[in-house]
Amino acid sequence: MTKPAVVLIGGDKGGVGKTTVARTLLDYFARQQLRVRAFDTEVPRGTLKRFHPDVTDVVDINHVPDQMRIFDTVNSTDATVSLIDVRAGLLSPTLHALRNIGFIEAAKKGEITFVLFHILGPSIASLDEIVDTAAYLGDAKYFMVKNFINNTYFFEWDEATHAAYFKRIPGAVGITIPKLVEMAAEQVDLASVPFATFIANQKQSGAPASYSFVLRGYVRHWLETISAEYDRVNLTDILEAKESSRPPIGRPRPIIKIAES
Amino acid sequence: MSDKTTPLYVVCSPCRRVGKTLVSRLLTEFYVVNDRPVAAFDLADEGPQLADYLPDFTTIADISETRGQMAFFDRLIADDVGVRIIDLDRRVFKNFFTVVHEIRFFEEARHRSIEPLILFIIDPDPKSAKAYAVLRHQLAQVSLLPVRNQIETAAIPYGDAPSKVNMAPTSLDIPLLDFPLRALMDRQSFSFSRFWRGSPADLPASLKPELSRWVERIFFQFRVLERLLGCA
């Protein structure tokens with residue numbers, strides 16, 4: 001039987017493209033026919049929910065009932081994957097809290113699959129987050145995501161700095177998200193549909209749309225490149241890992257308040 | 001959407017002064033002579049350009065930025081355009097085929113009953129052969145026909161007889177032409193379609209038969225190409 005999987009997408013800086021990466025993952029999971037539920041922590045209106053309303057709930061990650069909604073139901077939900085788009089500034093506190101409730105331990109015991117997509121920004125402060133994050137990871141699968149939304153170089157031009165940070169976490173795997181043509185990104189945003197729906201020239205309702213063929217082509221090419229990255233790191237195999245012979249996790253300890261940094 | 005397939009010609013070369021605009025003119029005026037709707041697109045930025053010769057049939061396009069690409073490619077696959085002819089300047093060559101490849105333009109065109117044919121004007125320059133090889137590899141599903149323009153590159157061997165109708169041509173051949181006729185043809189006021197329908201007043205009578213034979217030879221090849229594309 002497949003273990004439940006929790007996928008966290010976060011980064012401690014705003015504007016690095018967390019929700020964009022979350023959207024590409026939801027499209028990828030749909031193509032792989034993985035049952036997924038998503039949690040959007042941008043209360044009150046959400047950002048991810050606008051694009052994937054059918055599978056996304058807006059939650060307040062600081063709110064205990066919402067925390068219970070997410071983590072107490074990991075085993076009981078029909079979804080194979082629970083994806084959480086963590087608001088800027090809450091990644092480290094969320095990881096801290098997950099450790100305190102035994103979540104990291106459960107992942108270490110093989111009871112759940114825990115995957116972290118850490119979206120890096122272009123500044124050295126973002127690289128410092130890697131050091132902070134390393135303390136909480138345990139056996140989580142850690143992906144360091146270079147999202148080229150700003151044509152940043154991620155310090156690849158400075159080998160010493162690059163090596164110092166990017167090799168800090170053993171077993172970390174790099175994922176590259178190329179830049180999407182700005183006009184295409186704007187049009188998808190305006191259309192408020194998943195990337196796959198935009199490519200198919202449809203509205204959220206499934207009715208035909210009239211998006212530019214050129215922009216649809218750019219989005220398709222971009223999404224295929226990203227899907228190839230997810231294939232390369234065997235993401236589906238990771239998420240569909242089978243349960244160990246150990247008994248399922250018990251009721252976790254009470255959730256503590258996640259303080260914003 | 002029409003059931004009939006219409007052709008889309010891309011006249012191109014990575015080299016300059018090989019006769020892309022001449023071939024584009026001839027193609028466009030072939031359809032004018034046959035009263036077929038035709039739209040030509042000029043992606044040249046060094047003149048004289050196709051738009052200078054055929055302003056009534058030509059749209060100047062700029063695909064250096066996304067907005068221009070949308071205006072150009074989205075229009076190319078619209079229903080009401082007719083035959084499409086693109087005069088592709090060498091400076092835009094790489095960008096054009098990169099965009100075409102990324103957005104799968106030719107695949108979409110085919111889906112809409114538009115049959116693409118790349119007319120690649122060959123040249124002794126090594127980068128011509130290299131570019132041709134790359135196109136053959138990258139666009140394996142698209143028809144790619146070398147064009148031998150004897151007027152600009154006489155070093156390339158020329159076949160004597162035009163292709164028979166039921167044989168697939170291995171190249172499109174633009175035969176050599178005497179200098180006086182070449183000079184006449186280069187004038188922006190000269191029109192192949194007007195010539196075909198009746199002699200221009202300033203064409204010496206002695207030159208008319210040669211030019212007629214030359215144009216007929218080329219138009220014959222165009223007719224063969226159309227049949228092979230399934231567009232006739």
# chains A, B, ... in the order shown; residues from 1 in each chain; ligands from 1
call {"tool": "select_by_dssp", "arguments": {"residues": "stretch 42-143 of chain A", "states": "helix (DSSP H, G or I)", "output": "ChimeraX atom specification"}}
result
/A:64-71,91-100,103-108,124-134
call {"tool": "residues_around", "arguments": {"residues": "stretch 119-122 of chain A", "least_positions_apart": "3", "cutoff": "10 Å", "atoms": "only C-alpha atoms", "output": "mmCIF file with C-alpha atoms, in the first residue's frame"}}
result
data_model
loop_
_atom_site.group_PDB
_atom_site.id
_atom_site.type_symbol
_atom_site.label_atom_id
_atom_site.label_comp_id
_atom_site.auth_asym_id
_atom_site.auth_seq_id
_atom_site.Cartn_x
_atom_site.Cartn_y
_atom_site.Cartn_z
ATOM 1 C CA ILE A 9 6.643 24.106 -0.931
ATOM 2 C CA GLY A 10 8.242 27.034 0.761
ATOM 3 C CA GLY A 11 10.910 29.682 0.917
ATOM 4 C CA ASP A 12 11.433 32.378 3.451
ATOM 5 C CA LYS A 13 11.310 35.190 0.934
ATOM 6 C CA GLY A 14 8.338 36.490 -0.974
ATOM 7 C CA GLY A 15 8.245 36.586 -4.763
ATOM 8 C CA VAL A 16 10.535 33.626 -5.412
ATOM 9 C CA GLY A 17 7.784 31.674 -7.186
ATOM 10 C CA LYS A 18 6.479 29.235 -4.566
ATOM 11 C CA THR A 19 2.929 29.252 -5.850
ATOM 12 C CA VAL A 21 6.095 25.853 -8.545
ATOM 13 C CA LEU A 116 10.295 19.587 0.690
ATOM 14 C CA ALA A 125 19.984 35.479 2.546
ATOM 15 C CA SER A 126 18.092 32.849 0.633
ATOM 16 C CA LEU A 127 21.102 30.605 0.692
ATOM 17 C CA ASP A 128 21.327 31.047 4.474
ATOM 18 C CA GLU A 129 17.849 29.507 4.660
ATOM 19 C CA ILE A 130 19.359 26.284 3.399
ATOM 20 C CA PHE A 143 14.727 19.523 -3.440
ATOM 21 C CA MET A 144 16.523 22.813 -3.860
ATOM 22 C CA VAL A 145 14.641 24.695 -6.527
ATOM 23 C CA LYS A 146 16.309 27.351 -8.603
ATOM 24 C CA ASN A 147 13.452 29.282 -10.089
ATOM 25 C CA PHE A 148 14.810 31.524 -12.839
ATOM 26 C CA ILE A 149 12.039 34.089 -12.694
ATOM 27 C CA ASN A 150 14.501 36.925 -12.415
ATOM 28 C CA ASN A 151 17.327 35.705 -14.640
ATOM 29 C CA THR A 152 19.363 35.185 -11.491
ATOM 30 C CA TYR A 153 22.561 33.142 -11.569
ATOM 31 C CA PHE A 154 22.233 31.604 -8.085
ATOM 32 C CA PHE A 155 25.915 32.265 -7.484
ATOM 33 C CA ILE A 175 15.718 21.254 -9.676
ATOM 34 C CA ILE A 177 12.651 25.935 -13.200
#
call {"tool": "residues_around", "arguments": {"residues": "stretch 76-80 of chain B", "least_positions_apart": "5", "cutoff": "12 Å", "atoms": "only C-alpha atoms", "output": "JSON, numbers by chain"}}
result
{"A": [212, 213, 214], "B": [1, 2, 3, 4, 5, 6, 7, 8, 9, 10, 37, 38, 39, 40, 41, 59, 61, 69, 70, 71, 85, 86, 100, 105, 106, 107, 108, 109, 110, 111, 112, 113, 114, 115, 116]}
call {"tool": "write_last_selection", "arguments": {"atoms": "N, CA and C atoms", "output": "compact mmCIF listing (two decimals), in the first residue's frame"}}
result
# COMPACT_ATOMS: atom_id res chain seq x y z
N SER A 212 -3.87 33.17 -27.06
CA SER A 212 -2.91 33.20 -28.17
C SER A 212 -2.23 31.84 -28.34
N PHE A 213 -2.15 31.38 -29.58
CA PHE A 213 -1.46 30.13 -29.86
C PHE A 213 0.02 30.23 -29.47
N VAL A 214 0.62 31.37 -29.73
CA VAL A 214 2.04 31.56 -29.42
C VAL A 214 2.27 31.41 -27.91
N MET B 1 -13.68 26.34 -41.00
CA MET B 1 -12.35 26.06 -41.54
C MET B 1 -12.50 25.32 -42.87
N SER B 2 -11.70 25.74 -43.88
CA SER B 2 -11.78 25.13 -45.19
C SER B 2 -11.28 23.70 -45.12
N ASP B 3 -11.89 22.80 -45.97
CA ASP B 3 -11.41 21.43 -46.01
C ASP B 3 -10.14 21.32 -46.82
N LYS B 4 -9.92 22.28 -47.74
CA LYS B 4 -8.79 22.18 -48.63
C LYS B 4 -7.53 22.62 -47.90
N THR B 5 -6.40 21.93 -48.25
CA THR B 5 -5.12 22.30 -47.64
C THR B 5 -4.54 23.48 -48.39
N THR B 6 -4.04 24.45 -47.66
CA THR B 6 -3.36 25.58 -48.31
C THR B 6 -1.89 25.56 -47.91
N PRO B 7 -1.02 25.96 -48.83
CA PRO B 7 0.41 25.90 -48.54
C PRO B 7 0.89 27.10 -47.74
N LEU B 8 1.95 26.84 -46.99
CA LEU B 8 2.67 27.90 -46.30
C LEU B 8 4.14 27.72 -46.68
N TYR B 9 4.67 28.69 -47.41
CA TYR B 9 6.05 28.61 -47.87
C TYR B 9 6.94 29.49 -46.99
N VAL B 10 8.05 28.91 -46.56
CA VAL B 10 9.05 29.69 -45.84
C VAL B 10 10.29 29.75 -46.73
N PRO B 37 -6.11 33.67 -53.46
CA PRO B 37 -5.77 34.58 -52.35
C PRO B 37 -4.39 34.24 -51.78
N VAL B 38 -3.59 35.26 -51.59
CA VAL B 38 -2.22 35.04 -51.12
C VAL B 38 -1.83 36.17 -50.17
N ALA B 39 -1.12 35.79 -49.12
CA ALA B 39 -0.62 36.78 -48.16
C ALA B 39 0.87 36.54 -47.99
N ALA B 40 1.65 37.58 -48.23
CA ALA B 40 3.10 37.47 -48.07
C ALA B 40 3.52 38.22 -46.82
N PHE B 41 4.55 37.70 -46.17
CA PHE B 41 5.04 38.29 -44.93
C PHE B 41 6.53 38.55 -45.08
N THR B 59 2.78 42.00 -45.77
CA THR B 59 2.77 42.58 -44.42
C THR B 59 4.19 42.49 -43.86
N ALA B 61 6.64 42.15 -40.85
CA ALA B 61 6.50 41.57 -39.51
C ALA B 61 7.82 41.64 -38.76
N GLN B 69 5.61 38.34 -32.24
CA GLN B 69 5.44 36.91 -32.56
C GLN B 69 3.96 36.53 -32.53
N MET B 70 3.25 37.06 -31.55
CA MET B 70 1.82 36.77 -31.46
C MET B 70 1.10 37.32 -32.69
N ALA B 71 1.41 38.56 -33.05
CA ALA B 71 0.75 39.17 -34.20
C ALA B 71 1.05 38.39 -35.48
N ILE B 85 3.16 33.11 -47.68
CA ILE B 85 4.56 33.09 -48.13
C ILE B 85 5.36 33.97 -47.19
N ILE B 86 6.42 33.39 -46.63
CA ILE B 86 7.24 34.14 -45.68
C ILE B 86 8.63 34.35 -46.31
N VAL B 100 9.49 28.63 -33.85
CA VAL B 100 8.66 27.61 -34.52
C VAL B 100 8.78 26.27 -33.82
N PHE B 105 4.84 25.25 -34.09
CA PHE B 105 4.01 25.98 -35.03
C PHE B 105 3.59 25.13 -36.22
N PHE B 106 4.56 24.40 -36.82
CA PHE B 106 4.22 23.64 -38.02
C PHE B 106 3.21 22.53 -37.72
N GLU B 107 3.31 21.98 -36.53
CA GLU B 107 2.36 20.93 -36.12
C GLU B 107 0.95 21.51 -36.06
N GLU B 108 0.83 22.69 -35.48
CA GLU B 108 -0.47 23.35 -35.37
C GLU B 108 -0.98 23.73 -36.75
N ALA B 109 -0.07 24.19 -37.61
CA ALA B 109 -0.49 24.58 -38.96
C ALA B 109 -1.10 23.38 -39.69
N ARG B 110 -0.42 22.26 -39.59
CA ARG B 110 -0.91 21.04 -40.24
C ARG B 110 -2.28 20.64 -39.70
N HIS B 111 -2.43 20.81 -38.40
CA HIS B 111 -3.70 20.49 -37.76
C HIS B 111 -4.84 21.33 -38.35
N ARG B 112 -4.48 22.51 -38.85
CA ARG B 112 -5.47 23.42 -39.44
C ARG B 112 -5.43 23.39 -40.96
N SER B 113 -4.95 22.29 -41.53
CA SER B 113 -4.93 22.11 -42.99
C SER B 113 -4.07 23.14 -43.70
N ILE B 114 -3.00 23.54 -43.05
CA ILE B 114 -2.02 24.42 -43.68
C ILE B 114 -0.74 23.60 -43.79
N GLU B 115 -0.27 23.40 -45.02
CA GLU B 115 0.87 22.52 -45.24
C GLU B 115 2.15 23.34 -45.41
N PRO B 116 3.08 23.23 -44.48
CA PRO B 116 4.30 24.02 -44.58
C PRO B 116 5.32 23.40 -45.54
call {"tool": "closest_atom_pairs", "arguments": {"of": "chain A", "to": "chain B", "cutoff": "8 Å", "atoms": "only C-alpha atoms", "output": "CSV"}}
result
residue,atom,partner,partner_atom,distance
A:Val181,CA,B:Thr66,CA,7.9
A:Met183,CA,B:Thr66,CA,7.2
A:Ser212,CA,B:Asp74,CA,6.7
A:Phe213,CA,B:Asp74,CA,6.0
A:Val214,CA,B:Met70,CA,5.6
A:Leu215,CA,B:Met70,CA,7.5
A:Arg216,CA,B:Ile103,CA,7.5
A:Gly217,CA,B:Ile103,CA,3.9
A:Tyr218,CA,B:Ile103,CA,5.6
A:Arg220,CA,B:Ile103,CA,7.6
A:His221,CA,B:Glu102,CA,6.0
call {"tool": "write_last_selection", "arguments": {"atoms": "C-alpha atoms", "output": "PDB file, in the first residue's frame"}}
result
ATOM      1  CA  VAL A 181       8.060  34.308 -21.241  1.00  0.00           C
ATOM      2  CA  MET A 183       3.574  37.740 -21.501  1.00  0.00           C
ATOM      3  CA  SER A 212      -2.910  33.197 -28.172  1.00  0.00           C
ATOM      4  CA  PHE A 213      -1.464  30.128 -29.855  1.00  0.00           C
ATOM      5  CA  VAL A 214       2.040  31.558 -29.419  1.00  0.00           C
ATOM      6  CA  LEU A 215       1.618  31.999 -25.668  1.00  0.00           C
ATOM      7  CA  ARG A 216       0.072  28.546 -25.307  1.00  0.00           C
ATOM      8  CA  GLY A 217       3.042  27.138 -27.151  1.00  0.00           C
ATOM      9  CA  TYR A 218       5.492  28.847 -24.829  1.00  0.00           C
ATOM     10  CA  ARG A 220       3.557  24.054 -23.121  1.00  0.00           C
ATOM     11  CA  HIS A 221       7.273  24.071 -23.877  1.00  0.00           C
TER      12      HIS A 221
END
call {"tool": "select_by_dssp", "arguments": {"residues": "stretch 105-212 of chain A", "states": "strand (DSSP E)", "output": "list of chain:residue names"}}
result
A:Thr113, A:Phe114, A:Val115, A:Leu116, A:Phe117, A:His118, A:Ile119, A:Leu120, A:Lys141, A:Tyr142, A:Phe143, A:Met144, A:Val145, A:Lys146, A:Asn147, A:Val173, A:Gly174, A:Ile175, A:Thr176, A:Ile177
call {"tool": "write_last_selection", "arguments": {"atoms": "C-alpha atoms", "output": "mmCIF file, in the first residue's frame"}}
result
data_model
loop_
_atom_site.group_PDB
_atom_site.id
_atom_site.type_symbol
_atom_site.label_atom_id
_atom_site.label_comp_id
_atom_site.auth_asym_id
_atom_site.auth_seq_id
_atom_site.Cartn_x
_atom_site.Cartn_y
_atom_site.Cartn_z
ATOM 1 C CA THR A 113 6.776 10.338 2.690
ATOM 2 C CA PHE A 114 7.863 13.886 3.361
ATOM 3 C CA VAL A 115 9.088 16.014 0.480
ATOM 4 C CA LEU A 116 10.295 19.587 0.690
ATOM 5 C CA PHE A 117 10.628 21.881 -2.310
ATOM 6 C CA HIS A 118 12.731 24.762 -1.068
ATOM 7 C CA ILE A 119 12.364 27.637 -3.504
ATOM 8 C CA LEU A 120 15.531 29.664 -3.501
ATOM 9 C CA LYS A 141 13.394 14.307 0.479
ATOM 10 C CA TYR A 142 14.840 17.749 -0.114
ATOM 11 C CA PHE A 143 14.727 19.523 -3.440
ATOM 12 C CA MET A 144 16.523 22.813 -3.860
ATOM 13 C CA VAL A 145 14.641 24.695 -6.527
ATOM 14 C CA LYS A 146 16.309 27.351 -8.603
ATOM 15 C CA ASN A 147 13.452 29.282 -10.089
ATOM 16 C CA VAL A 173 18.741 17.327 -5.285
ATOM 17 C CA GLY A 174 18.666 20.421 -7.449
ATOM 18 C CA ILE A 175 15.718 21.254 -9.676
ATOM 19 C CA THR A 176 15.778 24.029 -12.238
ATOM 20 C CA ILE A 177 12.651 25.935 -13.200
#
call {"tool": "atom_distance", "arguments": {"atom1": "atom CA of B:Leu211", "atom2": "atom CA of B:Asp87"}}
result
23.1 Å
call {"tool": "closest_residue", "arguments": {"among": "A:Arg69, A:Arg87, A:Lys3, A:Arg23", "to": "A:Val43", "atoms": "only C-alpha atoms"}}
result
A:Arg87
